[in-house]
$ cat work22.tsv   # TSV, C-alpha atoms and all ligand atoms
chain	number	residue	atom	x	y	z
A	1	SER	CA	-127.69	-72.83	-91.93
A	2	ASN	CA	-126.27	-76.30	-91.31
A	3	ASP	CA	-122.81	-74.88	-90.65
A	4	GLN	CA	-124.16	-72.54	-88.02
A	5	LEU	CA	-126.10	-75.35	-86.38
A	6	ASN	CA	-123.04	-77.59	-86.34
A	7	GLU	CA	-121.04	-74.80	-84.77
A	8	ARG	CA	-123.70	-74.24	-82.08
A	9	ILE	CA	-123.83	-77.96	-81.28
A	10	ARG	CA	-120.05	-78.22	-81.12
A	11	ALA	CA	-119.75	-75.14	-78.91
A	12	ALA	CA	-122.43	-76.34	-76.49
A	13	LYS	CA	-120.91	-79.82	-76.30
A	14	GLN	CA	-117.51	-78.33	-75.58
A	15	LEU	CA	-118.88	-76.20	-72.73
A	16	LEU	CA	-120.70	-79.22	-71.27
A	17	GLY	CA	-117.77	-81.63	-71.59
A	18	SER	CA	-118.44	-84.97	-69.90
A	19	ARG	CA	-121.60	-83.59	-68.24
A	20	ALA	CA	-123.60	-84.46	-71.37
A	21	VAL	CA	-123.42	-87.56	-73.56
A	22	VAL	CA	-125.06	-87.80	-76.97
A	23	LEU	CA	-126.29	-91.27	-78.03
A	24	GLY	CA	-127.30	-91.83	-81.66
A	25	HIS	CA	-129.10	-94.68	-83.39
A	26	PHE	CA	-127.81	-95.90	-86.78
A	27	TYR	CA	-130.99	-94.59	-88.44
A	28	GLN	CA	-130.25	-90.98	-87.55
A	29	ARG	CA	-129.31	-88.59	-90.33
A	30	ASP	CA	-125.62	-87.77	-90.84
A	31	GLU	CA	-126.03	-84.20	-89.55
A	32	VAL	CA	-126.95	-85.71	-86.17
A	33	VAL	CA	-124.67	-88.78	-86.25
A	34	GLN	CA	-121.55	-86.61	-86.55
A	35	HIS	CA	-122.23	-85.27	-83.04
A	36	ALA	CA	-122.90	-88.63	-81.37
A	37	ASP	CA	-120.51	-89.82	-78.67
A	38	PHE	CA	-121.90	-93.36	-79.10
A	39	LEU	CA	-123.54	-94.72	-82.23
A	40	GLY	CA	-125.28	-98.08	-82.07
A	41	ASP	CA	-128.25	-100.37	-82.51
A	42	SER	CA	-130.96	-100.36	-79.89
A	43	PHE	CA	-129.25	-103.03	-77.77
A	44	GLN	CA	-125.87	-101.29	-77.80
A	45	LEU	CA	-127.47	-97.96	-76.93
A	46	ALA	CA	-129.33	-99.50	-73.97
A	47	ASN	CA	-125.95	-100.75	-72.74
A	48	ALA	CA	-124.30	-97.40	-73.45
A	49	ALA	CA	-126.85	-95.64	-71.27
A	50	GLN	CA	-125.51	-97.66	-68.34
A	51	THR	CA	-121.86	-96.90	-69.00
A	52	VAL	CA	-121.90	-93.12	-68.56
A	53	PRO	CA	-122.56	-92.75	-64.81
A	54	ASP	CA	-120.79	-89.39	-64.63
A	55	ALA	CA	-122.93	-87.63	-67.22
A	56	GLU	CA	-125.68	-85.40	-65.84
A	57	ALA	CA	-127.64	-85.73	-69.06
A	58	ILE	CA	-128.01	-88.33	-71.80
A	59	ILE	CA	-129.25	-86.80	-75.04
A	60	PHE	CA	-130.89	-89.63	-76.95
A	61	CYS	CA	-130.98	-89.13	-80.71
A	62	GLY	CA	-133.39	-91.91	-81.53
A	63	VAL	CA	-137.05	-92.59	-80.81
A	64	HIS	CA	-139.21	-92.39	-77.69
A	65	PHE	CA	-139.05	-96.05	-76.56
A	66	MET	CA	-135.24	-95.95	-76.72
A	67	ALA	CA	-135.12	-92.83	-74.54
A	68	GLU	CA	-137.53	-94.46	-72.07
A	69	THR	CA	-135.24	-97.49	-71.90
A	70	ALA	CA	-132.22	-95.26	-71.31
A	71	ASP	CA	-134.09	-93.50	-68.49
A	72	ILE	CA	-134.98	-96.84	-66.86
A	73	LEU	CA	-131.36	-98.02	-67.03
A	74	ALA	CA	-129.65	-94.70	-66.25
A	75	LYS	CA	-128.40	-93.75	-62.78
A	76	PRO	CA	-130.84	-91.92	-60.48
A	77	GLY	CA	-130.56	-88.19	-61.07
A	78	GLN	CA	-129.37	-88.54	-64.67
A	79	ALA	CA	-131.71	-86.78	-67.09
A	80	VAL	CA	-132.54	-88.45	-70.39
A	81	ILE	CA	-133.47	-86.01	-73.14
A	82	LEU	CA	-135.28	-86.73	-76.41
A	83	PRO	CA	-134.52	-83.68	-78.60
A	84	ASN	CA	-137.93	-83.86	-80.31
A	85	LEU	CA	-140.76	-85.34	-78.25
A	86	ALA	CA	-142.65	-86.15	-81.46
A	87	ALA	CA	-140.05	-88.81	-82.38
A	88	GLY	CA	-142.13	-91.90	-81.63
A	89	CYS	CA	-142.35	-95.29	-83.35
A	90	SER	CA	-145.52	-96.36	-85.11
A	91	MET	CA	-144.79	-100.02	-84.37
A	92	ALA	CA	-144.43	-99.37	-80.64
A	93	ASP	CA	-147.81	-97.62	-80.73
A	94	MET	CA	-149.45	-100.76	-82.16
A	95	ALA	CA	-149.51	-102.51	-78.79
A	96	ASP	CA	-151.05	-100.65	-75.87
A	97	ILE	CA	-151.09	-101.94	-72.32
A	98	ASP	CA	-154.89	-102.28	-72.10
A	99	SER	CA	-155.09	-104.48	-75.20
A	100	VAL	CA	-152.13	-106.60	-74.06
A	101	GLU	CA	-153.66	-107.11	-70.61
A	102	ASP	CA	-156.97	-108.03	-72.19
A	103	CYS	CA	-155.20	-110.52	-74.44
A	104	TRP	CA	-153.30	-111.94	-71.47
A	105	GLU	CA	-156.55	-112.58	-69.58
A	106	GLN	CA	-158.15	-114.28	-72.54
A	107	LEU	CA	-155.09	-116.46	-73.07
A	108	ALA	CA	-155.17	-117.44	-69.39
A	109	GLU	CA	-158.71	-118.73	-70.01
A	110	VAL	CA	-157.47	-120.85	-72.92
A	111	TYR	CA	-154.24	-122.16	-71.40
A	112	GLY	CA	-154.85	-121.91	-67.66
A	113	THR	CA	-152.07	-120.90	-65.31
A	114	ALA	CA	-150.70	-124.24	-64.05
A	115	PRO	CA	-147.11	-125.21	-64.92
A	116	ASP	CA	-146.38	-128.47	-66.78
A	117	ALA	CA	-144.37	-131.43	-65.39
A	118	ALA	CA	-141.12	-129.64	-66.25
A	119	GLY	CA	-142.23	-126.61	-64.24
A	120	ARG	CA	-142.80	-124.45	-67.31
A	121	VAL	CA	-145.66	-121.94	-67.06
A	122	PRO	CA	-148.23	-121.88	-69.91
A	123	ILE	CA	-147.06	-118.57	-71.45
A	124	ILE	CA	-144.10	-116.21	-71.22
A	125	PRO	CA	-144.61	-112.65	-72.52
A	126	VAL	CA	-141.76	-111.30	-74.65
A	127	THR	CA	-141.74	-107.70	-75.79
A	128	TYR	CA	-139.57	-106.29	-78.52
A	129	MET	CA	-137.54	-103.31	-77.33
A	130	ASN	CA	-139.73	-101.27	-79.70
A	131	SER	CA	-142.55	-100.93	-77.17
A	132	SER	CA	-143.68	-98.56	-74.44
A	133	ALA	CA	-142.24	-98.78	-70.92
A	134	ALA	CA	-145.68	-99.98	-69.77
A	135	LEU	CA	-145.31	-103.14	-71.86
A	136	LYS	CA	-141.81	-103.78	-70.55
A	137	ASP	CA	-143.26	-103.38	-67.06
A	138	PHE	CA	-146.00	-105.88	-67.96
A	139	CYS	CA	-143.31	-108.38	-68.97
A	140	GLY	CA	-141.31	-107.74	-65.82
A	141	ARG	CA	-144.37	-108.39	-63.64
A	142	ASN	CA	-145.43	-111.53	-65.53
A	143	GLY	CA	-142.21	-113.54	-65.77
A	144	GLY	CA	-141.33	-112.10	-69.17
A	145	ILE	CA	-138.43	-110.39	-70.85
A	146	VAL	CA	-137.42	-107.81	-73.48
A	147	CYS	CA	-135.56	-108.63	-76.71
A	148	THR	CA	-133.99	-106.65	-79.52
A	149	SER	CA	-133.41	-107.72	-83.10
A	150	SER	CA	-129.83	-108.66	-82.17
A	151	ASN	CA	-130.72	-111.13	-79.40
A	152	ALA	CA	-134.26	-112.31	-80.23
A	153	ALA	CA	-133.32	-115.98	-80.71
A	154	THR	CA	-131.37	-116.20	-77.46
A	155	VAL	CA	-134.20	-114.48	-75.62
A	156	LEU	CA	-136.79	-116.88	-77.09
A	157	GLU	CA	-134.63	-119.80	-75.93
A	158	TRP	CA	-134.62	-118.26	-72.46
A	159	ALA	CA	-138.41	-118.00	-72.63
A	160	PHE	CA	-138.91	-121.61	-73.77
A	161	GLU	CA	-136.81	-122.85	-70.85
A	162	ARG	CA	-139.39	-121.27	-68.57
A	163	GLY	CA	-142.60	-121.48	-70.55
A	164	GLN	CA	-144.50	-123.77	-72.89
A	165	ARG	CA	-145.27	-120.95	-75.31
A	166	VAL	CA	-144.59	-117.27	-75.90
A	167	LEU	CA	-146.77	-114.22	-76.44
A	168	PHE	CA	-144.60	-111.97	-78.63
A	169	PHE	CA	-145.36	-108.27	-79.19
A	170	PRO	CA	-145.56	-105.84	-80.93
A	171	ASP	CA	-143.68	-106.94	-84.11
A	172	GLN	CA	-145.22	-109.99	-85.78
A	173	HIS	CA	-142.38	-110.14	-88.32
A	174	LEU	CA	-139.47	-110.26	-85.86
A	175	GLY	CA	-141.40	-112.83	-83.83
A	176	ARG	CA	-142.25	-114.99	-86.83
A	177	ASN	CA	-138.82	-114.76	-88.48
A	178	THR	CA	-136.97	-115.56	-85.27
A	179	ALA	CA	-139.19	-118.45	-84.24
A	180	LYS	CA	-139.12	-119.90	-87.74
A	181	ALA	CA	-135.30	-119.77	-87.80
A	182	MET	CA	-135.38	-121.68	-84.50
A	183	GLY	CA	-137.37	-124.45	-86.18
A	184	ILE	CA	-140.89	-123.62	-84.99
A	185	PRO	CA	-143.39	-124.25	-87.81
A	186	VAL	CA	-145.24	-121.15	-88.98
A	187	GLU	CA	-148.58	-122.96	-88.43
A	188	LEU	CA	-147.86	-122.92	-84.70
A	189	MET	CA	-147.74	-119.11	-84.70
A	190	PRO	CA	-151.30	-117.75	-84.68
A	191	MET	CA	-151.68	-113.98	-84.72
A	192	TRP	CA	-153.47	-111.99	-82.05
A	193	ASN	CA	-155.52	-109.07	-83.25
A	194	PRO	CA	-157.46	-107.28	-80.49
A	195	HIS	CA	-160.27	-106.69	-82.96
A	196	LYS	CA	-160.54	-110.44	-83.65
A	197	PRO	CA	-159.52	-112.11	-80.38
A	198	LEU	CA	-158.75	-115.83	-80.36
A	199	GLY	CA	-160.26	-116.00	-76.86
A	200	GLY	CA	-163.04	-118.43	-76.08
A	201	ASN	CA	-163.56	-119.40	-79.71
A	202	ALA	CA	-159.96	-120.53	-80.09
A	203	GLY	CA	-159.51	-123.52	-82.39
A	204	SER	CA	-157.30	-126.51	-81.67
A	205	ASP	CA	-154.53	-124.84	-83.69
A	206	VAL	CA	-154.39	-122.20	-81.00
A	207	LEU	CA	-154.11	-124.82	-78.28
A	208	ASP	CA	-151.01	-126.14	-80.05
A	209	ALA	CA	-149.54	-122.66	-80.46
A	210	LYS	CA	-145.86	-122.16	-79.67
A	211	VAL	CA	-145.64	-118.43	-80.38
A	212	ILE	CA	-148.65	-116.13	-80.36
A	213	LEU	CA	-147.78	-113.09	-82.46
A	214	TRP	CA	-149.11	-109.59	-81.95
A	215	HIS	CA	-150.30	-107.96	-85.17
A	216	GLY	CA	-147.78	-105.07	-85.17
A	217	PHE	CA	-145.31	-104.21	-87.92
A	218	CYS	CA	-142.79	-101.55	-88.95
A	219	SER	CA	-144.08	-99.32	-91.72
A	220	VAL	CA	-140.54	-98.84	-93.07
A	221	HIS	CA	-139.56	-102.52	-93.22
A	222	LYS	CA	-142.88	-103.84	-94.45
A	223	ARG	CA	-142.25	-101.97	-97.70
A	224	PHE	CA	-139.53	-104.41	-98.77
A	225	THR	CA	-140.68	-107.11	-101.21
A	226	VAL	CA	-139.52	-110.35	-102.78
A	227	ALA	CA	-139.88	-108.65	-106.19
A	228	GLN	CA	-137.24	-106.10	-105.15
A	229	ILE	CA	-134.88	-108.93	-104.23
A	230	GLU	CA	-135.52	-110.67	-107.55
A	231	ALA	CA	-134.86	-107.40	-109.40
A	232	ALA	CA	-131.60	-106.87	-107.48
A	233	ARG	CA	-130.45	-110.44	-108.28
A	234	ALA	CA	-131.32	-109.99	-111.95
A	235	ALA	CA	-129.46	-106.69	-112.22
A	236	HIS	CA	-126.39	-107.59	-110.14
A	237	VAL	CA	-124.90	-111.06	-110.45
A	238	GLY	CA	-123.52	-112.24	-107.10
A	239	VAL	CA	-125.35	-109.55	-105.08
A	240	ARG	CA	-125.50	-110.20	-101.32
A	241	VAL	CA	-128.97	-109.39	-100.00
A	242	ILE	CA	-129.16	-108.56	-96.28
A	243	VAL	CA	-132.41	-107.45	-94.62
A	244	HIS	CA	-133.57	-106.49	-91.14
A	245	PRO	CA	-135.74	-109.12	-89.40
A	246	GLU	CA	-138.61	-106.60	-89.20
A	247	CYS	CA	-139.17	-107.39	-92.89
A	248	PRO	CA	-141.98	-109.82	-93.79
A	249	MET	CA	-141.11	-113.53	-93.68
A	250	ALA	CA	-141.13	-114.01	-97.46
A	251	VAL	CA	-138.54	-111.22	-97.77
A	252	VAL	CA	-136.31	-112.67	-95.06
A	253	ASP	CA	-136.60	-116.10	-96.70
A	254	ALA	CA	-135.64	-114.68	-100.11
A	255	ALA	CA	-132.66	-112.73	-98.71
A	256	ASP	CA	-129.22	-114.22	-98.12
A	257	GLU	CA	-129.06	-113.02	-94.53
A	258	ALA	CA	-131.16	-111.18	-91.96
A	259	GLY	CA	-129.94	-109.31	-88.92
A	260	SER	CA	-130.08	-106.22	-86.73
A	261	THR	CA	-128.66	-102.90	-87.82
A	262	ASP	CA	-125.38	-103.76	-86.11
A	263	TYR	CA	-125.33	-107.17	-87.79
A	264	ILE	CA	-125.72	-105.49	-91.19
A	265	ARG	CA	-122.92	-103.02	-90.46
A	266	LYS	CA	-120.57	-105.78	-89.32
A	267	ALA	CA	-121.37	-107.93	-92.36
A	268	VAL	CA	-120.39	-105.09	-94.67
A	269	ALA	CA	-117.30	-104.22	-92.62
A	270	ALA	CA	-116.12	-107.86	-92.70
A	271	ALA	CA	-116.33	-108.28	-96.50
A	272	THR	CA	-112.76	-108.46	-97.79
A	273	GLU	CA	-113.51	-108.64	-101.54
A	274	PRO	CA	-115.36	-105.81	-103.35
A	275	THR	CA	-119.00	-106.88	-103.04
A	276	THR	CA	-122.40	-105.68	-104.17
A	277	PHE	CA	-124.81	-105.40	-101.22
A	278	ALA	CA	-128.56	-104.87	-101.50
A	279	ILE	CA	-129.75	-103.87	-98.04
A	280	GLY	CA	-133.29	-103.96	-96.69
A	281	THR	CA	-133.32	-101.37	-93.95
A	282	GLU	CA	-133.61	-97.65	-93.31
A	283	ILE	CA	-132.12	-95.41	-95.98
A	284	ASN	CA	-129.97	-93.13	-93.80
A	285	MET	CA	-128.06	-96.13	-92.55
A	286	VAL	CA	-127.71	-97.66	-96.01
A	287	ASN	CA	-126.43	-94.40	-97.50
A	288	ARG	CA	-123.92	-93.98	-94.69
A	289	LEU	CA	-122.61	-97.51	-95.26
A	290	ALA	CA	-122.27	-96.76	-98.97
A	291	ALA	CA	-120.21	-93.65	-98.19
A	292	GLU	CA	-118.07	-95.41	-95.59
A	293	TYR	CA	-117.24	-98.40	-97.80
A	294	PRO	CA	-116.62	-97.05	-101.32
A	295	GLN	CA	-114.84	-100.31	-102.29
A	296	HIS	CA	-118.28	-102.00	-102.22
A	297	ARG	CA	-121.40	-101.25	-104.19
A	298	ILE	CA	-124.12	-100.75	-101.54
A	299	PHE	CA	-127.71	-99.80	-102.24
A	300	CYS	CA	-131.13	-99.95	-100.63
A	301	LEU	CA	-133.48	-102.68	-101.90
A	302	ASP	CA	-136.31	-100.19	-102.10
A	303	PRO	CA	-135.69	-97.79	-105.00
A	304	VAL	CA	-138.08	-95.27	-103.43
A	305	ILE	CA	-136.41	-93.38	-100.57
A	306	CYS	CA	-137.76	-94.81	-97.32
A	307	PRO	CA	-136.54	-93.02	-94.23
A	308	CYS	CA	-138.01	-93.76	-90.83
A	309	SER	CA	-140.05	-90.57	-90.59
A	310	THR	CA	-139.95	-90.47	-86.80
A	311	MET	CA	-136.19	-91.06	-86.50
A	312	TYR	CA	-135.91	-88.19	-88.98
A	313	ARG	CA	-137.72	-85.88	-86.57
A	314	ILE	CA	-134.46	-85.45	-84.64
A	315	HIS	CA	-133.32	-82.41	-86.58
A	316	PRO	CA	-129.94	-80.91	-85.62
A	317	GLY	CA	-131.84	-77.74	-84.67
A	318	TYR	CA	-133.47	-79.65	-81.80
A	319	LEU	CA	-130.12	-81.06	-80.75
A	320	ALA	CA	-128.65	-77.54	-80.58
A	321	TRP	CA	-131.70	-76.34	-78.64
A	322	VAL	CA	-131.55	-79.01	-75.90
A	323	LEU	CA	-127.75	-78.78	-75.57
A	324	GLU	CA	-127.87	-74.98	-75.21
A	325	GLY	CA	-130.63	-75.48	-72.62
A	326	LEU	CA	-128.26	-77.66	-70.60
A	327	VAL	CA	-125.55	-75.01	-70.84
A	328	ARG	CA	-128.03	-72.59	-69.21
A	329	GLY	CA	-128.89	-75.22	-66.59
A	330	GLU	CA	-132.24	-76.01	-68.17
A	331	VAL	CA	-133.40	-79.57	-68.92
A	332	ILE	CA	-135.64	-79.53	-72.01
A	333	ASN	CA	-137.70	-82.49	-73.26
A	334	GLN	CA	-136.82	-84.85	-70.45
A	335	ILE	CA	-138.15	-88.41	-70.69
A	336	SER	CA	-139.02	-89.60	-67.24
A	337	VAL	CA	-140.62	-93.01	-66.76
A	338	PRO	CA	-142.79	-93.08	-63.61
A	339	ALA	CA	-141.24	-95.19	-60.82
A	340	ASP	CA	-144.17	-97.64	-60.65
A	341	VAL	CA	-143.70	-98.52	-64.33
A	342	ALA	CA	-139.90	-98.32	-64.31
A	343	THR	CA	-139.53	-100.97	-61.59
A	344	GLY	CA	-141.07	-103.85	-63.57
A	345	ALA	CA	-139.61	-102.60	-66.84
A	346	ARG	CA	-136.13	-102.65	-65.32
A	347	VAL	CA	-136.66	-106.29	-64.24
A	348	ALA	CA	-137.55	-107.28	-67.83
A	349	LEU	CA	-134.63	-105.28	-69.28
A	350	GLU	CA	-132.13	-106.69	-66.79
A	351	ARG	CA	-133.27	-110.21	-67.65
A	352	MET	CA	-132.43	-109.38	-71.26
A	353	LEU	CA	-129.05	-107.83	-70.41
A	354	ALA	CA	-128.16	-110.96	-68.41
A	355	VAL	CA	-128.86	-113.22	-71.42
A	356	ARG	CA	-125.77	-113.16	-73.60
A	357	PRO	CA	-126.43	-112.99	-77.37
A	401	LIG	P1	-132.03	-102.32	-84.17
A	401	LIG	O1	-132.29	-103.01	-82.87
A	401	LIG	O2	-131.53	-103.25	-85.21
A	401	LIG	O3	-131.18	-101.13	-83.92
A	401	LIG	O4	-133.41	-101.82	-84.75
A	401	LIG	C1	-134.15	-100.82	-84.15
A	401	LIG	C2	-135.26	-100.41	-85.02
A	401	LIG	O5	-136.06	-99.57	-84.70
A	401	LIG	C3	-135.40	-101.10	-86.29
A	401	LIG	O6	-136.47	-100.62	-86.97
A	402	LIG	FE1	-140.14	-97.87	-85.43
A	402	LIG	FE2	-139.77	-98.90	-87.87
A	402	LIG	FE3	-138.83	-96.48	-87.30
A	402	LIG	FE4	-137.68	-98.67	-86.25
A	402	LIG	S1	-137.74	-98.09	-88.41
A	402	LIG	S2	-138.19	-96.77	-85.17
A	402	LIG	S3	-139.52	-99.96	-85.93
A	402	LIG	S4	-141.01	-97.10	-87.35

$ encode --input "work22.tsv" --output "structure tokens" --more "lines below"
Ligand code: 13P
Ligand code: SF4
Amino acid sequence: SNDQLNERIRAAKQLLGSRAVVLGHFYQRDEVVQHADFLGDSFQLANAAQTVPDAEAIIFCGVHFMAETADILAKPGQAVILPNLAAGCSMADMADIDSVEDCWEQLAEVYGTAPDAAGRVPIIPVTYMNSSAALKDFCGRNGGIVCTSSNAATVLEWAFERGQRVLFFPDQHLGRNTAKAMGIPVELMPMWNPHKPLGGNAGSDVLDAKVILWHGFCSVHKRFTVAQIEAARAAHVGVRVIVHPECPMAVVDAADEAGSTDYIRKAVAAATEPTTFAIGTEINMVNRLAAEYPQHRIFCLDPVICPCSTMYRIHPGYLAWVLEGLVRGEVINQISVPADVATGARVALERMLAVRP
């Protein structure tokens, strides 16, 4: 039962003390969140992984790319554990290193490799945190950088100081929404689809491109629609609509605000008057906010329950299993990024951590 599982998790954590640290993403279910030592968005959790040098193990309750990032940033000898190895991210899987390298070569044919008069190279690669370590390594090796939804605009500014244009992957929506908010016209953002490469038959619009978007998307956030926002506004006068920037552009444009999971939490926490919030992000987080702030009326824009199915794969049973393994001296489900990939990936991540949001 849940009570027994909670008891097992608590007992194992007590025996391990500071030897094990549990990190949890905001999208985790409550049964897992209650055991987290740190709860955060993907940027905060990447930072948290660096602030626990004494822990022998970091148990990452989130998805695979987050655990990889923690492993890259953790101290040597620290083990990062993903309680269920099947907790991936469908968006991260939409850009693979071979396709990105192929794209990069074709873009080099279009744009060349020579810097302009201001010393800016033709293209800077920017990967969303939601990507494999191999793509972060690619960025590290090619003058690029990582961003999260909480620092995407600052990171794009960093990139435009060094490059004439940006190749942004895997999430087309975060790339488009961020660049548009920075004043880049949508027409200057062609989309790269490996099945329909721009390549040699690129039109003049591609030559003018400022941001080349990969064709990836989040299957949870692409469900939100403008019609849902209109329905919420019709039903609740004065409703404040806040969505995650992984939502399609039309949805972000129709909302009152867009921001990372931490941005959404802070916006709700800062509201002093009782407010109605319609939120466009993962349901576990929305429901938790609703429970935490009963003075507000908080609901998910999508009336059909939409959990992130892979975040949900971290069941408390897996958490108990890996913690009890550690008690016995056994490391289960370790995420270990090979050194040759970790080196470049760390460069790209450290560039991001050095850019202040
Ligand atoms: P945050 O960076 O806002 O935590 O988002 C991570 C994520 O996976 C959103 O889908
Ligand atoms: Fe990936 Fe979307 Fe789930 Fe975030 S919510 S982990 S982007 S599938």

$ atom_distance --input "work22.tsv" --atom1 "atom CA of Ala153 of chain A" --atom2 "atom CA of Gln50 of chain A"
23.4 Å

$ residues_near_ligand --input "work22.tsv" --ligand "ligand LIG 401 (chain A)" --cutoff "8 Å" --atoms "all atoms listed in the file" --output "MDAnalysis selection string"
chainID A and resid 25:27 40:43 89 129:130 148:150 218 220:221 244 246 259:263 281:282

$ write_last_selection --input "work22.tsv" --atoms "C-alpha atoms" --output "PDB file, keeping the file's coordinate frame"
ATOM      1  CA  HIS A  25    -129.100 -94.680 -83.390  1.00  0.00           C
ATOM      2  CA  PHE A  26    -127.810 -95.900 -86.780  1.00  0.00           C
ATOM      3  CA  TYR A  27    -130.990 -94.590 -88.440  1.00  0.00           C
ATOM      4  CA  GLY A  40    -125.280 -98.080 -82.070  1.00  0.00           C
ATOM      5  CA  ASP A  41    -128.250-100.370 -82.510  1.00  0.00           C
ATOM      6  CA  SER A  42    -130.960-100.360 -79.890  1.00  0.00           C
ATOM      7  CA  PHE A  43    -129.250-103.030 -77.770  1.00  0.00           C
ATOM      8  CA  CYS A  89    -142.350 -95.290 -83.350  1.00  0.00           C
ATOM      9  CA  MET A 129    -137.540-103.310 -77.330  1.00  0.00           C
ATOM     10  CA  ASN A 130    -139.730-101.270 -79.700  1.00  0.00           C
ATOM     11  CA  THR A 148    -133.990-106.650 -79.520  1.00  0.00           C
ATOM     12  CA  SER A 149    -133.410-107.720 -83.100  1.00  0.00           C
ATOM     13  CA  SER A 150    -129.830-108.660 -82.170  1.00  0.00           C
ATOM     14  CA  CYS A 218    -142.790-101.550 -88.950  1.00  0.00           C
ATOM     15  CA  VAL A 220    -140.540 -98.840 -93.070  1.00  0.00           C
ATOM     16  CA  HIS A 221    -139.560-102.520 -93.220  1.00  0.00           C
ATOM     17  CA  HIS A 244    -133.570-106.490 -91.140  1.00  0.00           C
ATOM     18  CA  GLU A 246    -138.610-106.600 -89.200  1.00  0.00           C
ATOM     19  CA  GLY A 259    -129.940-109.310 -88.920  1.00  0.00           C
ATOM     20  CA  SER A 260    -130.080-106.220 -86.730  1.00  0.00           C
ATOM     21  CA  THR A 261    -128.660-102.900 -87.820  1.00  0.00           C
ATOM     22  CA  ASP A 262    -125.380-103.760 -86.110  1.00  0.00           C
ATOM     23  CA  TYR A 263    -125.330-107.170 -87.790  1.00  0.00           C
ATOM     24  CA  THR A 281    -133.320-101.370 -93.950  1.00  0.00           C
ATOM     25  CA  GLU A 282    -133.610 -97.650 -93.310  1.00  0.00           C
TER      26      GLU A 282
END

$ atom_distance --input "work22.tsv" --atom1 "atom CA of Arg8 of chain A" --atom2 "atom CA of Gln78 of chain A"
23.2 Å

$ residues_around --input "work22.tsv" --residues "Gly175 of chain A" --least-positions-apart "6" --cutoff "10 Å" --atoms "only C-alpha atoms" --output "NGL selection string"
:A and (126-128 or 149 or 152-153 or 156 or 166-169 or 189 or 211-214 or 245-246 or 249)

$ residues_near_point --input "work22.tsv" --point "(-139.8, -117.7, -87.2)" --cutoff "10 Å" --atoms "only C-alpha atoms" --output "PyMOL selection string"
chain A and resi 153+172-186+188-189+211+245+249+252

$ atom_distance --input "work22.tsv" --atom1 "atom CA of Ser131 of chain A" --atom2 "atom CA of Ile229 of chain A"
29.2 Å

$ axis_aligned_box --input "work22.tsv" --around "ligand LIG 402 (chain A)" --padding-each-side "6 Å" --output "AutoDock Vina command-line options"
--center_x -139.3 --center_y -98.2 --center_z -86.8 --size_x 15.3 --size_y 15.5 --size_z 15.2

$ residues_around --input "work22.tsv" --residues "Asn287 of chain A" --least-positions-apart "4" --cutoff "12 Å" --atoms "all atoms listed in the file" --output "PyMOL selection string"
chain A and resi 26-30+265+277-283+291-294+297-301+305-307

$ closest_residue --input "work22.tsv" --among "A:Met91, A:Ala231, A:Ala320, A:Ala12" --to "ligand LIG 402 (chain A)" --atoms "all atoms listed in the file"
A:Met91

$ residues_near_point --input "work22.tsv" --point "(-128.2, -91.4, -70.9)" --cutoff "12 Å" --atoms "only C-alpha atoms" --output "ChimeraX atom specification"
/A:18-24,37-38,45-62,66-82,334-336

$ residues_around --input "work22.tsv" --residues "Asn142 of chain A" --least-positions-apart "2" --cutoff "12 Å" --atoms "all atoms listed in the file" --output "ChimeraX atom specification"
/A:100-101,104-105,113,121-127,135-140,144-146,159,162-163,166-167,344-345,347-348

$ closest_residue --input "work22.tsv" --among "A:Ala11, A:Arg240, A:Glu257, A:Asp116" --to "Ala271 of chain A" --atoms "only C-alpha atoms"
A:Arg240
